[in-house]
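The file start.txt comes next; it holds compact mmCIF, C-alpha atoms and all ligand atoms.
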# COMPACT_ATOMS: atom_id res chain seq x y z
CA MET H 1 -1.79 1.69 16.78
CA SER H 2 -0.71 3.88 13.93
CA LEU H 3 2.19 6.03 12.91
CA GLY H 4 2.32 9.07 10.67
CA VAL H 5 4.74 9.10 7.74
CA ARG H 6 6.30 12.19 6.26
CA LEU H 7 8.32 12.90 3.10
CA GLU H 8 10.10 16.25 3.13
CA GLY H 9 11.96 17.86 0.25
CA LEU H 10 12.26 14.54 -1.50
CA SER H 11 14.25 14.18 -4.68
CA VAL H 12 14.93 10.84 -6.32
CA ARG H 13 17.02 10.15 -9.36
CA TYR H 14 17.61 6.78 -10.94
CA GLY H 15 20.62 7.73 -13.04
CA ALA H 16 20.37 11.18 -14.65
CA ALA H 17 16.62 11.86 -14.90
CA PRO H 18 14.84 12.98 -11.71
CA VAL H 19 11.73 10.96 -10.90
CA LEU H 20 10.68 13.19 -8.00
CA GLU H 21 11.90 16.68 -7.19
CA HIS H 22 11.34 18.57 -3.92
CA THR H 23 8.23 16.54 -3.12
CA ASP H 24 6.49 16.79 0.26
CA LEU H 25 3.79 14.43 1.42
CA GLU H 26 2.51 13.70 4.88
CA LEU H 27 0.29 10.80 5.92
CA PRO H 28 -1.23 11.64 9.31
CA ALA H 29 -1.39 8.75 11.78
CA GLY H 30 -4.48 6.63 11.20
CA SER H 31 -5.38 8.24 7.84
CA PHE H 32 -6.29 6.42 4.61
CA THR H 33 -4.75 8.10 1.54
CA ALA H 34 -5.04 7.01 -2.08
CA LEU H 35 -2.25 8.01 -4.44
CA LEU H 36 -3.37 8.34 -8.06
CA GLY H 37 -1.40 9.26 -11.15
CA PRO H 38 -0.44 8.21 -14.66
CA SER H 39 2.00 5.39 -15.23
CA GLY H 40 5.61 6.29 -14.50
CA CYS H 41 4.96 9.47 -12.46
CA GLY H 42 6.60 8.07 -9.34
CA LYS H 43 3.76 6.54 -7.25
CA SER H 44 5.63 3.32 -6.53
CA THR H 45 8.76 5.31 -5.84
CA ILE H 46 6.91 7.24 -3.10
CA LEU H 47 5.61 4.00 -1.63
CA ASN H 48 9.07 2.41 -1.81
CA LEU H 49 10.61 5.43 -0.07
CA MET H 50 8.11 5.05 2.78
CA ALA H 51 8.75 1.31 2.87
CA GLY H 52 12.50 1.95 3.07
CA PHE H 53 13.26 0.03 -0.15
CA VAL H 54 14.49 3.17 -1.96
CA ARG H 55 16.74 5.84 -0.44
CA PRO H 56 16.16 9.46 -1.51
CA THR H 57 18.81 11.37 -3.41
CA GLU H 58 17.81 14.37 -1.26
CA GLY H 59 15.30 14.95 1.53
CA ARG H 60 13.96 13.10 4.56
CA VAL H 61 11.56 10.25 5.18
CA THR H 62 10.27 9.82 8.73
CA ALA H 63 7.85 7.39 10.35
CA GLY H 64 6.60 8.88 13.63
CA SER H 65 9.67 10.75 14.84
CA ALA H 66 12.22 8.24 13.52
CA PRO H 67 14.06 8.54 10.19
CA VAL H 68 13.34 5.69 7.78
CA ARG H 69 16.61 3.97 6.97
CA GLY H 70 15.28 0.69 5.59
CA PRO H 71 12.31 -1.66 5.80
CA GLY H 72 10.80 -2.28 9.25
CA PRO H 73 8.01 -4.41 10.71
CA GLU H 74 6.00 -1.32 11.70
CA ARG H 75 5.56 -0.64 7.95
CA GLY H 76 3.81 -3.50 6.13
CA VAL H 77 3.79 -3.69 2.34
CA VAL H 78 1.35 -5.40 -0.07
CA PHE H 79 2.12 -5.50 -3.79
CA GLN H 80 -0.01 -6.37 -6.81
CA HIS H 81 1.89 -9.63 -7.21
CA TYR H 82 1.56 -11.55 -4.01
CA ALA H 83 5.02 -13.19 -4.13
CA LEU H 84 4.00 -16.17 -2.02
CA PHE H 85 6.30 -19.17 -1.66
CA PRO H 86 4.57 -21.92 -3.67
CA TRP H 87 6.02 -24.67 -1.47
CA ARG H 88 4.58 -23.21 1.74
CA THR H 89 0.93 -23.27 2.80
CA ALA H 90 -0.96 -20.03 3.44
CA ARG H 91 -0.13 -20.41 7.14
CA GLY H 92 3.49 -21.26 6.32
CA ASN H 93 3.84 -18.13 4.19
CA VAL H 94 2.53 -15.91 6.98
CA GLU H 95 4.63 -17.65 9.65
CA PHE H 96 7.75 -17.34 7.56
CA ALA H 97 7.29 -13.57 7.29
CA LEU H 98 7.16 -13.39 11.11
CA LYS H 99 10.54 -15.09 11.54
CA ARG H 100 12.40 -11.82 11.26
CA LEU H 101 10.51 -10.55 14.31
CA GLY H 102 12.16 -13.25 16.39
CA LEU H 103 8.84 -14.55 17.72
CA PRO H 104 8.65 -18.06 19.19
CA ARG H 105 7.15 -20.70 16.92
CA ALA H 106 3.88 -20.99 18.87
CA GLU H 107 3.36 -17.22 18.73
CA ARG H 108 4.08 -17.18 14.99
CA ARG H 109 1.44 -19.83 14.49
CA ARG H 110 -1.10 -18.07 16.69
CA ARG H 111 -0.60 -14.77 14.87
CA ALA H 112 -0.67 -16.40 11.40
CA LEU H 113 -3.96 -18.17 12.11
CA ALA H 114 -5.47 -15.01 13.61
CA ALA H 115 -4.43 -12.89 10.60
CA LEU H 116 -5.77 -15.49 8.14
CA ALA H 117 -9.07 -15.53 10.04
CA GLU H 118 -9.15 -11.72 9.97
CA VAL H 119 -8.97 -11.73 6.16
CA GLY H 120 -11.62 -14.47 5.92
CA LEU H 121 -9.25 -17.31 5.10
CA ALA H 122 -9.43 -19.47 8.23
CA ASP H 123 -10.48 -22.45 6.09
CA GLY H 124 -7.63 -22.00 3.60
CA ALA H 125 -4.79 -21.93 6.14
CA GLU H 126 -3.39 -25.35 5.14
CA LYS H 127 -3.76 -24.82 1.37
CA TYR H 128 -0.88 -24.09 -0.98
CA PRO H 129 -0.94 -20.98 -3.22
CA ALA H 130 -1.69 -23.10 -6.32
CA GLN H 131 -4.88 -24.30 -4.59
CA LEU H 132 -6.07 -20.73 -3.97
CA SER H 133 -7.71 -18.22 -6.32
CA GLY H 134 -6.05 -14.86 -7.05
CA GLY H 135 -8.29 -13.12 -4.51
CA MET H 136 -7.44 -15.71 -1.87
CA GLN H 137 -3.73 -15.39 -2.60
CA GLN H 138 -4.02 -11.65 -2.14
CA ARG H 139 -5.79 -12.30 1.18
CA VAL H 140 -2.75 -14.37 2.23
CA ALA H 141 -0.46 -11.49 1.22
CA LEU H 142 -2.60 -9.12 3.27
CA ALA H 143 -2.57 -11.51 6.24
CA ARG H 144 1.22 -11.74 5.91
CA ALA H 145 1.48 -7.96 6.23
CA LEU H 146 -1.11 -7.73 9.06
CA ALA H 147 0.37 -10.52 11.17
CA ALA H 148 3.38 -8.34 11.99
CA GLU H 149 0.87 -5.82 13.42
CA PRO H 150 2.13 -2.92 11.33
CA GLU H 151 1.25 0.67 12.16
CA VAL H 152 1.47 1.66 8.50
CA LEU H 153 0.16 -0.35 5.54
CA LEU H 154 1.67 0.50 2.15
CA MET H 155 -0.28 -1.02 -0.73
CA ASP H 156 0.88 -0.80 -4.36
CA GLU H 157 -2.06 -1.54 -6.69
CA PRO H 158 -2.90 -4.53 -4.53
CA PHE H 159 -6.18 -5.35 -6.29
CA GLY H 160 -5.04 -4.50 -9.83
CA ALA H 161 -4.86 -8.13 -10.95
CA LEU H 162 -8.25 -9.19 -9.54
CA ASP H 163 -11.58 -9.49 -11.34
CA ALA H 164 -14.18 -6.81 -10.62
CA LEU H 165 -16.25 -8.76 -8.09
CA THR H 166 -13.26 -10.01 -6.11
CA ARG H 167 -11.83 -6.52 -6.19
CA THR H 168 -14.99 -5.03 -4.66
CA ARG H 169 -14.93 -7.69 -1.93
CA MET H 170 -11.28 -6.93 -1.16
CA GLN H 171 -12.05 -3.21 -1.00
CA THR H 172 -14.80 -3.87 1.56
CA LEU H 173 -12.45 -6.08 3.57
CA LEU H 174 -9.70 -3.45 3.54
CA ARG H 175 -12.09 -0.69 4.64
CA GLU H 176 -13.26 -2.86 7.55
CA LEU H 177 -9.68 -3.71 8.54
CA TRP H 178 -8.73 -0.05 8.50
CA GLN H 179 -11.78 0.95 10.57
CA ARG H 180 -11.03 -1.77 13.10
CA ARG H 181 -7.28 -1.36 13.35
CA GLY H 182 -6.82 2.36 12.64
CA THR H 183 -3.62 1.64 10.71
CA THR H 184 -2.24 4.44 8.53
CA VAL H 185 -2.84 3.36 4.90
CA LEU H 186 -1.25 4.49 1.64
CA PHE H 187 -3.01 2.91 -1.34
CA VAL H 188 -1.54 3.35 -4.83
CA THR H 189 -4.00 2.85 -7.67
CA HIS H 190 -4.74 3.83 -11.26
CA ASP H 191 -8.46 3.72 -10.65
CA ILE H 192 -10.28 6.91 -9.58
CA ASP H 193 -13.38 5.03 -8.45
CA GLU H 194 -11.33 2.68 -6.32
CA ALA H 195 -9.53 5.66 -4.74
CA LEU H 196 -12.83 7.43 -4.00
CA ALA H 197 -14.50 4.28 -2.65
CA LEU H 198 -11.69 3.57 -0.21
CA ALA H 199 -9.83 6.63 0.89
CA GLN H 200 -10.43 9.69 3.06
CA ARG H 201 -8.07 11.64 0.89
CA VAL H 202 -6.93 11.42 -2.73
CA VAL H 203 -3.53 12.75 -3.75
CA VAL H 204 -2.88 13.12 -7.50
CA LEU H 205 0.71 12.85 -8.62
CA GLY H 206 1.83 13.84 -12.11
CA GLY H 207 4.42 15.45 -14.29
CA ALA H 208 8.03 14.56 -14.97
CA PRO H 209 9.62 14.84 -12.49
CA GLY H 210 6.58 13.87 -10.46
CA ARG H 211 4.93 16.31 -8.06
CA VAL H 212 1.68 16.57 -6.15
CA LEU H 213 -0.88 18.11 -8.54
CA ALA H 214 -3.90 17.91 -6.27
CA ASP H 215 -4.84 16.85 -2.77
CA HIS H 216 -8.55 16.34 -1.98
CA GLY H 217 -10.42 15.20 1.10
CA VAL H 218 -13.14 12.66 0.30
CA PRO H 219 -16.41 13.23 2.14
CA GLY H 220 -18.12 10.06 3.40
CA GLY H 221 -21.48 9.03 1.97
CA PRO H 222 -22.54 8.63 -1.62
CA PRO H 223 -19.98 9.26 -4.40
CA ASP H 224 -19.58 12.91 -5.39
CA PRO H 225 -19.57 13.24 -9.22
CA GLU H 226 -18.10 16.76 -9.07
CA LEU H 227 -15.12 15.59 -7.05
CA ARG H 228 -14.68 12.68 -9.44
CA SER H 229 -14.59 14.93 -12.50
CA LEU H 230 -12.22 17.37 -10.77
CA ILE H 231 -9.80 14.55 -10.04
CA ALA H 232 -10.21 13.20 -13.58
CA ARG H 233 -9.24 16.63 -14.91
CA HIS H 234 -6.08 16.64 -12.79
CA LEU H 235 -5.29 13.21 -14.18
CA GLY H 236 -5.88 14.44 -17.70
CA SER H 237 -8.39 11.64 -18.25
CA ASP H 238 -11.61 13.62 -18.27
N1 LIG C 1 14.92 0.90 -9.98
C1 LIG C 1 14.77 1.77 -10.99
N2 LIG C 1 15.78 2.07 -11.82
C2 LIG C 1 15.62 2.96 -12.83
N3 LIG C 1 14.48 3.61 -13.09
C3 LIG C 1 13.42 3.34 -12.31
C4 LIG C 1 13.51 2.41 -11.23
N4 LIG C 1 12.29 2.37 -10.62
C5 LIG C 1 11.50 3.22 -11.29
N5 LIG C 1 12.18 3.81 -12.30
C6 LIG C 1 11.63 4.83 -13.23
O1 LIG C 1 11.13 5.89 -12.41
C7 LIG C 1 9.90 6.39 -12.95
C8 LIG C 1 8.82 6.30 -11.89
O2 LIG C 1 8.54 4.93 -11.63
P1 LIG C 1 7.42 4.45 -10.60
O3 LIG C 1 7.40 2.97 -10.66
O4 LIG C 1 7.64 5.09 -9.29
O5 LIG C 1 6.11 5.07 -11.27
P2 LIG C 1 4.57 4.68 -11.05
O6 LIG C 1 3.83 5.97 -11.06
O7 LIG C 1 4.42 3.81 -9.86
O8 LIG C 1 4.24 3.86 -12.36
P3 LIG C 1 3.18 2.66 -12.61
O9 LIG C 1 1.84 3.26 -12.37
O10 LIG C 1 3.42 2.29 -14.03
O11 LIG C 1 3.51 1.57 -11.64
C9 LIG C 1 9.62 5.59 -14.19
O12 LIG C 1 10.07 6.33 -15.28
C10 LIG C 1 10.43 4.33 -14.02
O13 LIG C 1 10.82 3.83 -15.26
Produce structure tokens that represent the structure in this file.
Ligand SMILES: Nc1ncnc2c1ncn2[C@@H]1O[C@H](COP(=O)(O)OP(=O)(O)OP(=O)(O)O)[C@@H](O)[C@H]1O
Amino acid sequence: MSLGVRLEGLSVRYGAAPVLEHTDLELPAGSFTALLGPSGCGKSTILNLMAGFVRPTEGRVTAGSAPVRGPGPERGVVFQHYALFPWRTARGNVEFALKRLGLPRAERRRRALAALAEVGLADGAEKYPAQLSGGMQQRVALARALAAEPEVLLMDEPFGALDALTRTRMQTLLRELWQRRGTTVLFVTHDIDEALALAQRVVVLGGAPGRVLADHGVPGGPPDPELRSLIARHLGSD
């Protein structure tokens, strides 16, 4: 199941300076969009608006046909820093996140174990975060988001702290999860190659206040160097 998300006429100010002004962005249900842009242009703000953590100064955020008024279990979030409870096991961390859904204990356990297996961490379920590598901890954070069976997955530089090999593995895992589940994905990254490897569409945000500078579909198949250099030009990093 998946849900489309739409930002319409969005303006956000933290204090006096606008971060976003009259921004529109739509994520069609089931799509995989990467959001690229220089530091401070408002990428996380867009993700946080969709997550319901930030309220717009002006404009509307909707998920499906419902206005977004705060966080909700249909919108899962994964950050760069996994924010796991060190005193809970991997399974305990995932189960704890399911408490707010009001599920019975046995169902929480079943879902936690299934989500950990889905991210390839069945064997690490009883380990504590300190016993897991960074990549494994990020798998737990991903399982925590997936266990609630979200229709939208909002990911803010989730692989930014991982080494190159682990990062590639996590990208493959995420692509498979998306193909299997059909969840709508927004993936914020600084890395053009990561955006092109993962997404069906790359949106480039820039300027102050931030706005959409470019919006490109990504054809499947081998990487397209022309598209890469076009996006790099929009980013000003060519
Ligand atoms: N809670 C806040 N209070 C005040 N200013 C904020 C707040 N959150 C973000 N900002 C400012 O809003 C601007 C956009 O921030 P945002 O985190 O959305 O950008 P970003 O593109 O995600 O940056 P980065 O790539 O560095 O994470 C920045 O100038 C930032 O300093």
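Atom CA of H:Ala161 lies 21.3 Å from atom CA of H:Thr89.
Contact shell of H:Tyr82 at 8 Å (all atoms listed in the file; same-chain neighbours under 4 positions omitted): Val78, Gln137, Gln138 and Ala141 of chain H.
Of note, atom CA of H:Glu8 and atom O10 of ligand LIG 1 (chain C) are spaced 23.1 Å apart.
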#### Entry: 7 Å contact set for stretch 27-35 of chain H, all atoms listed in the file, chain neighbours under 4 positions out, as a list in words
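So the residues in contact are Ser2, Leu3, Gly4, Val5, Arg6, Lys43, Gly182, Thr183, Thr184, Val185, Leu186, Phe187, Val188, Thr189, Ala195, Ala199, Gln200, Arg201, Val202, Val203 and Val204 of chain H.
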### Task
Extract, using all atoms listed in the file, all DNA, RNA and protein residues at most 12 Å from H:Ala114, discarding same-chain residues fewer than 6 positions from it, and format them as a list in words.
Arg91, Val94, Glu95, Glu107, Arg108, Gly120, Leu121, Ala122, Asp123, Ala125, Val140, Ala143, Arg144, Leu146, Ala147, Ala148 and Glu149 of chain H
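With a cut-off of 7 Å and using only C-alpha atoms and all ligand atoms, the polymer residues contacting ligand LIG 1 (chain C) are Tyr14, Gly15, Val19, Gly37, Pro38, Ser39, Gly40, Cys41, Gly42, Lys43, Ser44, Thr45, Ile46 and His190 of chain H.
Among the candidates H:Gly102, H:Gly221, H:Pro67, H:Gly92, the residue lying nearest to H:Gly124 is H:Gly92 (atoms considered: all atoms listed in the file).
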### Task
Counting only C-alpha atoms, figure out which residue out of H:Ala97, H:Leu153, H:Leu116, H:Ala106 gets nearest to H:Ala83.
H:Ala97
### Message
I want to know what sits within 10 Å of H:Arg105, based on all atoms listed in the file, with residues of the same chain fewer than 5 positions away left out; could you give that as a VMD selection string?
### Response
chain H and resid 95 to 96 98 to 99 110 to 111
### Task
Pull the neighbourhood of (-8.3, -10.9, -9.4) for me: all residues within 10 Å in file coordinates, counting all atoms listed in the file, as a list in words.
Gln80, Ser133, Gly134, Gly135, Met136, Gln137, Gln138, Pro158, Phe159, Gly160, Ala161, Leu162, Asp163, Ala164, Leu165, Thr166, Arg167 and Met170 of chain H
Write out, as a Markdown table, each residue of stretch 10-104 of chain H that has an atom at most 9 Å from stretch 212-219 of chain H, together with the closest pair of atoms and their distance in Å to one decimal, counting only C-alpha atoms, rows going by chain and rising number.
| residue | atom | partner | partner_atom | distance |
| --- | --- | --- | --- | --- |
| H:Thr23 | CA | H:Val212 | CA | 7.2 |
| H:Asp24 | CA | H:Val212 | CA | 8.0 |
| H:Leu25 | CA | H:Val212 | CA | 8.1 |
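Of note, atom CA of H:Arg175 and atom CA of H:Leu198 are spaced 6.5 Å apart.
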#### Entry: Selection as number ranges by chain: residues within 8 Å of (7.7, 17.8, -5.4), counting all atoms listed in the file
H: 9-11, 20-24, 209-212
Let me see the file: selected residues, C-alpha atoms, as a PDB file, keeping the file's coordinate frame.
ATOM      1  CA  GLY H   9      11.960  17.860   0.250  1.00  0.00           C
ATOM      2  CA  LEU H  10      12.260  14.540  -1.500  1.00  0.00           C
ATOM      3  CA  SER H  11      14.250  14.180  -4.680  1.00  0.00           C
ATOM      4  CA  LEU H  20      10.680  13.190  -8.000  1.00  0.00           C
ATOM      5  CA  GLU H  21      11.900  16.680  -7.190  1.00  0.00           C
ATOM      6  CA  HIS H  22      11.340  18.570  -3.920  1.00  0.00           C
ATOM      7  CA  THR H  23       8.230  16.540  -3.120  1.00  0.00           C
ATOM      8  CA  ASP H  24       6.490  16.790   0.260  1.00  0.00           C
ATOM      9  CA  PRO H 209       9.620  14.840 -12.490  1.00  0.00           C
ATOM     10  CA  GLY H 210       6.580  13.870 -10.460  1.00  0.00           C
ATOM     11  CA  ARG H 211       4.930  16.310  -8.060  1.00  0.00           C
ATOM     12  CA  VAL H 212       1.680  16.570  -6.150  1.00  0.00           C
TER      13      VAL H 212
END
Could N, CA and C atoms be built for stretch 54-67 of chain H and written out as a short mmCIF file (atom, residue, chain, number, x, y, z; two decimals), in the coordinates of the input?
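Ended up saving to out.cif:
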data_model
loop_
_atom_site.label_atom_id
_atom_site.label_comp_id
_atom_site.auth_asym_id
_atom_site.auth_seq_id
_atom_site.Cartn_x
_atom_site.Cartn_y
_atom_site.Cartn_z
N VAL H 54 13.75 2.21 -1.13
CA VAL H 54 14.49 3.17 -1.96
C VAL H 54 14.97 4.28 -1.05
N ARG H 55 16.22 4.71 -1.22
CA ARG H 55 16.74 5.84 -0.44
C ARG H 55 16.66 7.10 -1.30
N PRO H 56 16.26 8.23 -0.71
CA PRO H 56 16.16 9.46 -1.51
C PRO H 56 17.54 9.99 -1.88
N THR H 57 17.59 10.68 -3.02
CA THR H 57 18.81 11.37 -3.41
C THR H 57 18.98 12.59 -2.49
N GLU H 58 17.85 13.22 -2.18
CA GLU H 58 17.81 14.37 -1.26
C GLU H 58 16.54 14.27 -0.46
N GLY H 59 16.53 14.85 0.76
CA GLY H 59 15.30 14.95 1.53
C GLY H 59 15.23 13.92 2.64
N ARG H 60 14.10 13.95 3.37
CA ARG H 60 13.96 13.10 4.56
C ARG H 60 12.67 12.31 4.54
N VAL H 61 12.75 11.09 4.99
CA VAL H 61 11.56 10.25 5.18
C VAL H 61 11.51 9.89 6.66
N THR H 62 10.39 10.19 7.32
CA THR H 62 10.27 9.82 8.73
C THR H 62 8.97 9.07 8.98
N ALA H 63 9.04 8.13 9.91
CA ALA H 63 7.85 7.39 10.35
C ALA H 63 7.73 7.68 11.84
N GLY H 64 6.66 8.37 12.26
CA GLY H 64 6.60 8.88 13.63
C GLY H 64 7.70 9.92 13.75
N SER H 65 8.58 9.77 14.73
CA SER H 65 9.67 10.75 14.84
C SER H 65 11.00 10.16 14.36
N ALA H 66 10.96 8.91 13.88
CA ALA H 66 12.22 8.24 13.52
C ALA H 66 12.49 8.30 12.02
N PRO H 67 13.74 8.59 11.62
CA PRO H 67 14.06 8.54 10.19
C PRO H 67 13.93 7.12 9.65
#
